[in-house]
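Content type mmCIF, C-alpha atoms, from the file target36.cif:
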```
data_entry
loop_
_atom_site.group_PDB
_atom_site.id
_atom_site.type_symbol
_atom_site.label_atom_id
_atom_site.label_comp_id
_atom_site.auth_asym_id
_atom_site.auth_seq_id
_atom_site.Cartn_x
_atom_site.Cartn_y
_atom_site.Cartn_z
ATOM 1 C CA MET A 151 76.739 108.501 87.370
ATOM 2 C CA SER A 152 76.972 108.752 83.592
ATOM 3 C CA THR A 153 79.790 110.633 81.896
ATOM 4 C CA PHE A 154 79.064 113.881 80.052
ATOM 5 C CA VAL A 155 80.785 116.962 78.620
ATOM 6 C CA VAL A 156 80.201 120.564 79.686
ATOM 7 C CA ASP A 157 81.511 123.540 77.727
ATOM 8 C CA ARG A 158 83.092 125.894 80.266
ATOM 9 C CA SER A 159 84.895 128.121 77.811
ATOM 10 C CA ASP A 160 83.595 131.246 79.542
ATOM 11 C CA ARG A 161 85.798 130.665 82.585
ATOM 12 C CA GLY A 162 88.634 133.123 83.159
ATOM 13 C CA LYS A 163 92.019 132.075 81.758
ATOM 14 C CA LEU A 164 95.427 133.753 81.926
ATOM 15 C CA ALA A 165 99.022 132.643 81.465
ATOM 16 C CA LEU A 166 102.329 133.725 82.975
ATOM 17 C CA THR A 167 105.690 133.327 81.280
ATOM 18 C CA GLY A 168 109.209 134.464 82.117
ATOM 19 C CA PRO A 169 111.951 133.345 84.494
ATOM 20 C CA ASP A 170 110.293 134.973 87.521
ATOM 21 C CA ALA A 171 106.773 133.638 86.904
ATOM 22 C CA LYS A 172 106.754 131.035 89.681
ATOM 23 C CA THR A 173 108.547 133.175 92.235
ATOM 24 C CA PHE A 174 106.217 136.078 91.556
ATOM 25 C CA LEU A 175 102.981 134.090 91.798
ATOM 26 C CA HIS A 176 104.283 132.207 94.846
ATOM 27 C CA GLY A 177 104.371 135.520 96.712
ATOM 28 C CA GLN A 178 100.793 136.405 95.786
ATOM 29 C CA VAL A 179 98.693 133.280 96.380
ATOM 30 C CA THR A 180 98.115 130.869 99.242
ATOM 31 C CA ASN A 181 99.637 127.664 97.879
ATOM 32 C CA ASP A 182 103.151 126.531 96.965
ATOM 33 C CA ILE A 183 103.808 127.579 93.378
ATOM 34 C CA GLU A 184 107.605 127.396 93.470
ATOM 35 C CA GLY A 185 107.335 123.683 94.258
ATOM 36 C CA LEU A 186 105.420 122.903 91.065
ATOM 37 C CA THR A 187 107.156 120.928 88.337
ATOM 38 C CA PRO A 188 106.025 120.513 84.736
ATOM 39 C CA GLY A 189 102.981 118.273 84.521
ATOM 40 C CA HIS A 190 101.610 119.271 87.899
ATOM 41 C CA GLY A 191 99.383 121.980 89.295
ATOM 42 C CA CYS A 192 97.560 123.130 92.387
ATOM 43 C CA TYR A 193 94.541 125.008 93.689
ATOM 44 C CA ALA A 194 95.053 128.340 95.468
ATOM 45 C CA ALA A 195 93.371 131.534 96.592
ATOM 46 C CA PHE A 196 94.416 135.165 96.375
ATOM 47 C CA LEU A 197 93.476 137.373 99.279
ATOM 48 C CA THR A 198 93.045 140.849 100.654
ATOM 49 C CA HIS A 199 95.564 141.989 103.233
ATOM 50 C CA LYS A 200 93.011 140.947 105.888
ATOM 51 C CA GLY A 201 92.791 137.408 104.542
ATOM 52 C CA GLY A 202 89.485 137.680 102.665
ATOM 53 C CA MET A 203 89.257 135.810 99.368
ATOM 54 C CA LEU A 204 89.387 137.966 96.243
ATOM 55 C CA GLY A 205 89.131 134.772 94.221
ATOM 56 C CA ASP A 206 90.385 131.238 93.774
ATOM 57 C CA LEU A 207 92.250 129.683 90.878
ATOM 58 C CA ARG A 208 93.928 126.602 89.498
ATOM 59 C CA VAL A 209 97.589 126.881 88.475
ATOM 60 C CA PHE A 210 99.086 124.432 85.970
ATOM 61 C CA ASP A 211 102.767 124.139 85.121
ATOM 62 C CA VAL A 212 102.642 123.064 81.479
ATOM 63 C CA GLY A 213 106.368 123.504 80.965
ATOM 64 C CA ASP A 214 106.653 126.688 78.956
ATOM 65 C CA GLU A 215 104.130 128.689 80.998
ATOM 66 C CA LEU A 216 101.877 128.754 84.028
ATOM 67 C CA LEU A 217 98.267 128.406 82.895
ATOM 68 C CA LEU A 218 95.776 129.996 85.296
ATOM 69 C CA ASP A 219 92.064 129.145 85.400
ATOM 70 C CA CYS A 220 89.469 130.887 87.560
ATOM 71 C CA GLU A 221 85.798 131.735 87.871
ATOM 72 C CA ARG A 222 84.915 134.494 85.408
ATOM 73 C CA VAL A 223 83.684 136.655 88.292
ATOM 74 C CA ALA A 224 87.201 136.590 89.785
ATOM 75 C CA LEU A 225 89.099 137.205 86.538
ATOM 76 C CA GLN A 226 89.354 140.980 86.736
ATOM 77 C CA GLU A 227 90.661 140.929 90.314
ATOM 78 C CA LEU A 228 93.231 138.295 89.363
ATOM 79 C CA PHE A 229 94.306 140.281 86.311
ATOM 80 C CA ASN A 230 94.554 143.483 88.347
ATOM 81 C CA MET A 231 96.571 141.795 91.092
ATOM 82 C CA ILE A 232 99.095 140.363 88.664
ATOM 83 C CA ARG A 233 99.442 143.560 86.650
ATOM 84 C CA ARG A 234 99.810 145.677 89.799
ATOM 85 C CA TYR A 235 102.456 143.615 91.574
ATOM 86 C CA LYS A 236 104.540 142.171 88.738
ATOM 87 C CA LEU A 237 106.422 145.443 88.251
ATOM 88 C CA GLY A 238 110.123 144.767 88.664
ATOM 89 C CA SER A 239 109.710 141.030 87.975
ATOM 90 C CA ASP A 240 110.630 139.320 84.722
ATOM 91 C CA VAL A 241 107.077 138.109 84.116
ATOM 92 C CA GLU A 242 104.778 138.425 81.119
ATOM 93 C CA LEU A 243 100.992 138.268 81.545
ATOM 94 C CA HIS A 244 98.895 136.830 78.710
ATOM 95 C CA LYS A 245 95.117 136.969 78.300
ATOM 96 C CA ARG A 246 93.717 133.564 77.330
ATOM 97 C CA THR A 247 89.994 133.741 78.157
ATOM 98 C CA LEU A 248 88.876 134.212 74.560
ATOM 99 C CA GLU A 249 91.779 132.345 72.984
ATOM 100 C CA LEU A 250 91.200 129.063 74.833
ATOM 101 C CA ALA A 251 88.114 126.877 75.013
ATOM 102 C CA LEU A 252 87.558 124.587 78.003
ATOM 103 C CA LEU A 253 85.646 121.313 77.853
ATOM 104 C CA SER A 254 85.033 119.451 81.109
ATOM 105 C CA VAL A 255 84.484 115.699 80.922
ATOM 106 C CA ILE A 256 82.670 114.719 84.117
ATOM 107 C CA GLY A 257 82.081 111.143 85.178
ATOM 108 C CA PRO A 258 83.743 107.776 85.760
ATOM 109 C CA ALA A 259 84.473 107.107 82.074
ATOM 110 C CA ALA A 260 86.391 110.369 81.519
ATOM 111 C CA PRO A 261 89.595 109.657 79.560
ATOM 112 C CA ALA A 262 92.824 109.588 81.552
ATOM 113 C CA LEU A 263 94.856 112.039 79.484
ATOM 114 C CA ALA A 264 97.132 113.396 82.230
ATOM 115 C CA GLY A 265 98.435 112.045 85.547
ATOM 116 C CA ARG A 266 96.345 110.418 88.241
ATOM 117 C CA ALA A 267 96.448 113.203 90.834
ATOM 118 C CA GLU A 268 94.071 116.144 90.755
ATOM 119 C CA HIS A 269 95.642 119.089 88.876
ATOM 120 C CA ASP A 270 98.118 116.906 86.982
ATOM 121 C CA CYS A 271 98.392 118.255 83.439
ATOM 122 C CA ALA A 272 99.853 117.282 80.083
ATOM 123 C CA ARG A 273 100.125 118.604 76.550
ATOM 124 C CA VAL A 274 98.558 115.959 74.298
ATOM 125 C CA SER A 275 96.862 115.664 70.918
ATOM 126 C CA LEU A 276 93.092 115.183 70.715
ATOM 127 C CA GLY A 277 90.941 115.382 67.601
ATOM 128 C CA GLY A 278 93.988 116.415 65.617
ATOM 129 C CA ALA A 279 94.559 119.447 67.865
ATOM 130 C CA ASP A 280 97.108 120.271 70.546
ATOM 131 C CA VAL A 281 95.417 120.506 73.941
ATOM 132 C CA VAL A 282 96.261 120.796 77.620
ATOM 133 C CA ALA A 283 94.571 117.994 79.553
ATOM 134 C CA VAL A 284 94.054 118.328 83.301
ATOM 135 C CA THR A 285 92.975 115.702 85.808
ATOM 136 C CA THR A 286 90.114 116.941 88.004
ATOM 137 C CA ASP A 287 88.394 115.477 91.044
ATOM 138 C CA VAL A 288 85.507 114.306 88.835
ATOM 139 C CA GLY A 289 87.092 113.645 85.438
ATOM 140 C CA THR A 290 89.242 115.522 82.941
ATOM 141 C CA ASP A 291 89.383 119.117 81.711
ATOM 142 C CA VAL A 292 90.596 119.865 78.192
ATOM 143 C CA PHE A 293 91.913 123.300 77.217
ATOM 144 C CA CYS A 294 92.267 123.903 73.487
ATOM 145 C CA ALA A 295 92.473 126.757 71.015
ATOM 146 C CA ALA A 296 89.017 128.270 70.524
ATOM 147 C CA ALA A 297 89.272 127.506 66.796
ATOM 148 C CA ASP A 298 89.765 123.800 67.590
ATOM 149 C CA ARG A 299 86.812 123.485 69.968
ATOM 150 C CA ALA A 300 84.528 121.654 67.523
ATOM 151 C CA ALA A 301 87.197 119.115 66.524
ATOM 152 C CA VAL A 302 88.169 118.429 70.122
ATOM 153 C CA ARG A 303 84.526 118.112 71.185
ATOM 154 C CA ALA A 304 83.917 115.574 68.428
ATOM 155 C CA ALA A 305 86.803 113.475 69.768
ATOM 156 C CA LEU A 306 85.137 113.262 73.188
ATOM 157 C CA GLU A 307 82.543 110.569 72.616
ATOM 158 C CA PHE A 308 80.212 111.465 75.455
ATOM 159 C CA PRO A 309 76.853 113.248 75.456
ATOM 160 C CA ASP A 310 76.488 116.941 76.170
ATOM 161 C CA GLY A 311 75.693 117.874 79.738
ATOM 162 C CA ASP A 312 74.964 121.302 81.126
ATOM 163 C CA GLU A 313 76.170 123.507 83.938
ATOM 164 C CA ALA A 314 73.224 122.459 86.107
ATOM 165 C CA ALA A 315 74.323 118.811 85.975
ATOM 166 C CA ALA A 316 77.905 119.809 86.750
ATOM 167 C CA GLU A 317 76.704 121.881 89.702
ATOM 168 C CA VAL A 318 74.932 118.864 91.186
ATOM 169 C CA VAL A 319 78.191 116.909 91.097
ATOM 170 C CA ARG A 320 80.109 119.791 92.666
ATOM 171 C CA VAL A 321 77.627 120.327 95.492
ATOM 172 C CA GLU A 322 77.415 116.598 96.257
ATOM 173 C CA ARG A 323 81.186 116.688 96.757
ATOM 174 C CA GLY A 324 80.896 119.693 99.059
ATOM 175 C CA ARG A 325 83.119 121.989 97.021
ATOM 176 C CA PRO A 326 82.268 125.690 97.303
ATOM 177 C CA ARG A 327 82.135 127.987 94.283
ATOM 178 C CA TYR A 328 83.578 131.479 94.341
ATOM 179 C CA GLY A 329 80.919 134.123 93.823
ATOM 180 C CA LEU A 330 78.195 131.842 95.145
ATOM 181 C CA ASP A 331 79.352 130.120 98.330
ATOM 182 C CA ILE A 332 82.459 132.194 99.038
ATOM 183 C CA HIS A 333 83.350 135.833 98.502
ATOM 184 C CA ALA A 334 85.729 138.578 99.621
ATOM 185 C CA GLY A 335 84.504 138.403 103.216
ATOM 186 C CA VAL A 336 85.460 134.730 103.583
ATOM 187 C CA ILE A 337 88.789 133.433 104.895
ATOM 188 C CA PRO A 338 89.933 130.109 103.342
ATOM 189 C CA GLN A 339 89.622 128.161 106.601
ATOM 190 C CA GLU A 340 85.969 129.165 106.935
ATOM 191 C CA ALA A 341 85.283 127.604 103.540
ATOM 192 C CA GLY A 342 87.167 124.413 104.416
ATOM 193 C CA LEU A 343 89.915 125.200 101.911
ATOM 194 C CA ASN A 344 93.045 124.995 104.064
ATOM 195 C CA ASP A 345 93.902 121.431 103.047
ATOM 196 C CA ARG A 346 93.359 122.080 99.351
ATOM 197 C CA ALA A 347 94.497 125.652 98.861
ATOM 198 C CA VAL A 348 96.887 126.751 101.616
ATOM 199 C CA SER A 349 100.530 125.935 102.305
ATOM 200 C CA PHE A 350 101.690 126.640 105.841
ATOM 201 C CA THR A 351 105.350 126.000 105.031
ATOM 202 C CA LYS A 352 105.866 128.478 102.195
ATOM 203 C CA GLY A 353 107.075 132.036 102.494
ATOM 204 C CA CYS A 354 105.009 135.189 102.808
ATOM 205 C CA TYR A 355 102.033 136.060 100.641
ATOM 206 C CA VAL A 356 99.298 138.675 100.791
ATOM 207 C CA GLY A 357 96.939 137.920 103.689
ATOM 208 C CA GLN A 358 99.188 135.262 105.245
ATOM 209 C CA GLU A 359 99.204 136.746 108.745
ATOM 210 C CA THR A 360 95.436 136.456 109.168
ATOM 211 C CA VAL A 361 95.285 132.966 107.666
ATOM 212 C CA ALA A 362 98.117 131.673 109.858
ATOM 213 C CA ARG A 363 96.809 133.300 113.038
ATOM 214 C CA LEU A 364 93.358 131.773 112.590
ATOM 215 C CA PHE A 365 94.854 128.350 111.855
ATOM 216 C CA TYR A 366 97.271 128.220 114.782
ATOM 217 C CA ARG A 367 95.485 130.244 117.443
ATOM 218 C CA GLY A 368 91.880 130.850 116.508
ATOM 219 C CA LYS A 369 88.605 129.177 115.722
ATOM 220 C CA PRO A 370 86.537 130.352 112.766
ATOM 221 C CA ASN A 371 83.154 131.861 113.545
ATOM 222 C CA ARG A 372 81.601 129.869 110.703
ATOM 223 C CA ARG A 373 82.336 126.918 108.453
ATOM 224 C CA LEU A 374 81.132 125.407 105.205
ATOM 225 C CA LEU A 375 78.501 122.718 105.767
ATOM 226 C CA GLY A 376 75.850 120.907 103.777
ATOM 227 C CA LEU A 377 72.067 121.081 103.985
ATOM 228 C CA ARG A 378 69.590 118.334 103.230
ATOM 229 C CA LEU A 379 66.452 120.284 102.384
ATOM 230 C CA SER A 380 62.848 119.127 102.585
ATOM 231 C CA ALA A 381 62.167 121.049 99.353
ATOM 232 C CA PRO A 382 64.215 123.259 97.005
ATOM 233 C CA ALA A 383 65.113 126.692 98.382
ATOM 234 C CA PRO A 384 66.629 129.690 96.559
ATOM 235 C CA ALA A 385 70.246 130.724 96.998
ATOM 236 C CA GLY A 386 70.609 133.602 99.430
ATOM 237 C CA SER A 387 67.881 132.353 101.782
ATOM 238 C CA GLU A 388 68.616 132.870 105.461
ATOM 239 C CA LEU A 389 69.208 129.891 107.714
ATOM 240 C CA ARG A 390 67.339 130.273 111.000
ATOM 241 C CA LEU A 391 67.963 128.211 114.093
ATOM 242 C CA GLY A 392 65.011 129.219 116.215
ATOM 243 C CA GLU A 393 64.963 133.014 116.041
ATOM 244 C CA ASN A 394 68.650 133.342 115.201
ATOM 245 C CA VAL A 395 70.070 133.752 111.698
ATOM 246 C CA VAL A 396 73.039 131.371 111.489
ATOM 247 C CA GLY A 397 73.931 131.661 107.804
ATOM 248 C CA LYS A 398 72.762 132.014 104.219
ATOM 249 C CA LEU A 399 72.211 129.333 101.621
ATOM 250 C CA GLY A 400 74.780 129.416 98.841
ATOM 251 C CA SER A 401 74.615 126.683 96.216
ATOM 252 C CA SER A 402 71.199 125.022 95.966
ATOM 253 C CA VAL A 403 70.551 122.047 93.664
ATOM 254 C CA VAL A 404 68.333 119.010 93.332
ATOM 255 C CA SER A 405 70.397 115.840 93.243
ATOM 256 C CA PRO A 406 68.887 112.828 91.466
ATOM 257 C CA GLU A 407 70.139 110.639 94.326
ATOM 258 C CA LEU A 408 69.984 112.929 97.361
ATOM 259 C CA GLY A 409 67.104 115.265 96.545
ATOM 260 C CA PRO A 410 67.298 118.991 97.384
ATOM 261 C CA ILE A 411 70.684 119.847 98.897
ATOM 262 C CA GLY A 412 72.788 122.954 99.371
ATOM 263 C CA LEU A 413 75.939 124.476 100.813
ATOM 264 C CA ALA A 414 76.148 127.248 103.372
ATOM 265 C CA LEU A 415 78.607 129.040 105.609
ATOM 266 C CA VAL A 416 77.114 128.280 109.007
ATOM 267 C CA ARG A 417 77.908 130.114 112.226
ATOM 268 C CA ARG A 418 79.408 127.914 114.905
ATOM 269 C CA GLU A 419 76.326 128.049 117.156
ATOM 270 C CA ALA A 420 74.781 125.611 114.682
ATOM 271 C CA GLY A 421 76.260 122.396 113.367
ATOM 272 C CA PRO A 422 75.683 118.923 111.929
ATOM 273 C CA GLY A 423 72.486 117.395 113.279
ATOM 274 C CA ASP A 424 70.695 120.705 113.760
ATOM 275 C CA THR A 425 67.558 121.479 111.777
ATOM 276 C CA VAL A 426 67.167 125.009 110.439
ATOM 277 C CA SER A 427 64.426 126.870 108.613
ATOM 278 C CA VAL A 428 65.361 127.944 105.079
ATOM 279 C CA ASP A 429 62.818 130.093 103.241
ATOM 280 C CA GLY A 430 59.928 128.171 104.749
ATOM 281 C CA VAL A 431 61.394 124.691 104.307
ATOM 282 C CA SER A 432 63.419 122.670 106.781
ATOM 283 C CA GLY A 433 67.081 121.881 106.350
ATOM 284 C CA LEU A 434 69.183 119.328 108.199
ATOM 285 C CA ILE A 435 72.787 120.485 108.608
ATOM 286 C CA VAL A 436 75.313 117.805 107.642
ATOM 287 C CA ASP A 437 79.030 117.503 107.037
ATOM 288 C CA VAL A 438 80.372 117.592 103.485
ATOM 289 C CA PRO A 439 80.888 115.791 101.208
ATOM 290 C CA PHE A 440 77.331 114.476 101.350
ATOM 291 C CA ALA A 441 77.023 110.852 102.438
ATOM 292 C CA ARG A 442 74.820 108.660 100.258
#
```

Take the structure I supplied and represent it as structure tokens, if you would.
Amino acid sequence: MSTFVVDRSDRGKLALTGPDAKTFLHGQVTNDIEGLTPGHGCYAAFLTHKGGMLGDLRVFDVGDELLLDCERVALQELFNMIRRYKLGSDVELHKRTLELALLSVIGPAAPALAGRAEHDCARVSLGGADVVAVTTDVGTDVFCAAADRAAVRAALEFPDGDEAAAEVVRVERGRPRYGLDIHAGVIPQEAGLNDRAVSFTKGCYVGQETVARLFYRGKPNRRLLGLRLSAPAPAGSELRLGENVVGKLGSSVVSPELGPIGLALVRREAGPGDTVSVDGVSGLIVDVPFAR
């Protein structure tokens, strides 16, 4: 895979400051925020009281603040949640969506500007500008002031890519996207997010009871799986196993290496090895990430 740069400045971005910032956010999201130290971050979800996902986010401890990054479709719910529940806490909420640009360097040659682990972060200089660099699963993200975007982009000596190319990489790795593969009716375990997004040793948070009960005592009715398609199919297409609808296609891309592939939440009566009909084409259900 070649290395390229995608401008993702339209993603949702907020920041929290104040002595209670970590304690407050720790009580609202699924992962361990109080355990973060400067230079590190994590992935988390924020939920309804019944455990459904209102959105997902990345949280970075950059020393003087917590920088939050989320899908734009989840930004308003995240903003509302923080504003609603921070009353009584010494926390300040800052809007950063328009103030900060975000450039994602995707590929094996991405510069190592922060630590080695996913979500590690560091304040560094790039193109003469101060930036926050973040290690991702596929490269490096660079947050910078919107006014510095051009200078920072010029310092990243890789060709422009586009969101479609980035989506292929994401789907190949089997990572769901909020608003496309997952939504408010999905519990983290159904989307395969427990290992990445949920701490089972932290204190209480909104929706914890449902998440813990399903993990310790239950079995989800569906799970995130991959589809190898015989031809491209549109997102939202029903998956049919015989006469039964067993899911809907979420992400749908054409991989240069794997051909047409997709992600879907599949009911447990179907699983890897089964062939389903998807909008008139066939789809083989497989585990994710996709094996080459």

(message) Which residues would end up in the selection if the PyMOL selection byres ((chain A and resi 425-438) around 7) were applied here, given that I need the answer as a VMD selection string?
(response) chain A and resid 323 to 324 375 to 381 383 387 to 391 421 to 424 439 to 440

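Residues with any atom within 10 Å of segment 314-318 of chain A, counting all atoms listed in the file and excluding same-chain neighbours fewer than 3 positions away, are Phe154, Val155, Val156, Ser254, Val255, Ile256, Gly257, Val288, Gly311, Val321, Glu322, Arg323, Gly324, Arg325, Arg327, Ser401, Ser402, Val403, Val404, Ser405, Pro406, Leu408, Pro410, Ile411 and Gly412 of chain A.
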
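Atom CA of Ala171 of chain A is found 14.7 Å from atom CA of Tyr355 of chain A.
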
(request) Fewer than 3 positions away in the same chain doesn't count, so skip those; otherwise give me all residues within 12 Å of Leu216 of chain A, counting only C-alpha atoms, as number ranges by chain. (result) A: 163-176, 183-184, 186-192, 207-213, 219, 241-244, 246, 271, 282

(request) Give me the residues within 10 Å of Asp280 of chain A as JSON, numbers by chain, counting only C-alpha atoms and dropping any in the same chain fewer than 6 places off. (result) {"A": [273, 274, 293, 294, 295, 298, 302]}

Starting from 4 Å padding per side, set up an axis-aligned box that covers all listed atoms of segment 424-441 of chain A and hand over centre and edge lengths in Å, one decimal, as AutoDock Vina command-line options.
```
--center_x 70.4 --center_y 120.5 --center_z 107.5 --size_x 29.0 --size_y 27.2 --size_z 20.6
```

(message) Given the PyMOL selection byres ((chain A and resi 419) around 9) and the file above, list the residues it selects as an MDAnalysis selection string.
(response) chainID A and resid 371:372 391 396 416:418 420:421

Hits of the PyMOL selection byres ((chain A and resi 342-344) around 12) in this structure, as a PDB file with C-alpha atoms, keeping the file's coordinate frame:
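Wrote selection.pdb, looks like this:
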```pdb
ATOM      1  CA  THR A 180      98.115 130.869  99.242  1.00  0.00           C
ATOM      2  CA  ASN A 181      99.637 127.664  97.879  1.00  0.00           C
ATOM      3  CA  TYR A 193      94.541 125.008  93.689  1.00  0.00           C
ATOM      4  CA  ALA A 194      95.053 128.340  95.468  1.00  0.00           C
ATOM      5  CA  ALA A 195      93.371 131.534  96.592  1.00  0.00           C
ATOM      6  CA  MET A 203      89.257 135.810  99.368  1.00  0.00           C
ATOM      7  CA  ASP A 206      90.385 131.238  93.774  1.00  0.00           C
ATOM      8  CA  GLY A 324      80.896 119.693  99.059  1.00  0.00           C
ATOM      9  CA  ARG A 325      83.119 121.989  97.021  1.00  0.00           C
ATOM     10  CA  PRO A 326      82.268 125.690  97.303  1.00  0.00           C
ATOM     11  CA  ARG A 327      82.135 127.987  94.283  1.00  0.00           C
ATOM     12  CA  TYR A 328      83.578 131.479  94.341  1.00  0.00           C
ATOM     13  CA  ASP A 331      79.352 130.120  98.330  1.00  0.00           C
ATOM     14  CA  ILE A 332      82.459 132.194  99.038  1.00  0.00           C
ATOM     15  CA  VAL A 336      85.460 134.730 103.583  1.00  0.00           C
ATOM     16  CA  ILE A 337      88.789 133.433 104.895  1.00  0.00           C
ATOM     17  CA  PRO A 338      89.933 130.109 103.342  1.00  0.00           C
ATOM     18  CA  GLN A 339      89.622 128.161 106.601  1.00  0.00           C
ATOM     19  CA  GLU A 340      85.969 129.165 106.935  1.00  0.00           C
ATOM     20  CA  ALA A 341      85.283 127.604 103.540  1.00  0.00           C
ATOM     21  CA  ASP A 345      93.902 121.431 103.047  1.00  0.00           C
ATOM     22  CA  ARG A 346      93.359 122.080  99.351  1.00  0.00           C
ATOM     23  CA  ALA A 347      94.497 125.652  98.861  1.00  0.00           C
ATOM     24  CA  VAL A 348      96.887 126.751 101.616  1.00  0.00           C
ATOM     25  CA  SER A 349     100.530 125.935 102.305  1.00  0.00           C
ATOM     26  CA  PHE A 350     101.690 126.640 105.841  1.00  0.00           C
ATOM     27  CA  VAL A 361      95.285 132.966 107.666  1.00  0.00           C
ATOM     28  CA  ALA A 362      98.117 131.673 109.858  1.00  0.00           C
ATOM     29  CA  LEU A 364      93.358 131.773 112.590  1.00  0.00           C
ATOM     30  CA  PHE A 365      94.854 128.350 111.855  1.00  0.00           C
ATOM     31  CA  TYR A 366      97.271 128.220 114.782  1.00  0.00           C
ATOM     32  CA  PRO A 370      86.537 130.352 112.766  1.00  0.00           C
ATOM     33  CA  ARG A 372      81.601 129.869 110.703  1.00  0.00           C
ATOM     34  CA  ARG A 373      82.336 126.918 108.453  1.00  0.00           C
ATOM     35  CA  LEU A 374      81.132 125.407 105.205  1.00  0.00           C
ATOM     36  CA  LEU A 375      78.501 122.718 105.767  1.00  0.00           C
ATOM     37  CA  GLY A 376      75.850 120.907 103.777  1.00  0.00           C
ATOM     38  CA  LEU A 413      75.939 124.476 100.813  1.00  0.00           C
ATOM     39  CA  ALA A 414      76.148 127.248 103.372  1.00  0.00           C
ATOM     40  CA  LEU A 415      78.607 129.040 105.609  1.00  0.00           C
ATOM     41  CA  VAL A 416      77.114 128.280 109.007  1.00  0.00           C
ATOM     42  CA  ASP A 437      79.030 117.503 107.037  1.00  0.00           C
ATOM     43  CA  VAL A 438      80.372 117.592 103.485  1.00  0.00           C
ATOM     44  CA  PRO A 439      80.888 115.791 101.208  1.00  0.00           C
TER      45      PRO A 439
END
```

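Distance-wise, atom CA of Thr198 of chain A and atom CA of Ala334 of chain A end up 7.7 Å apart.
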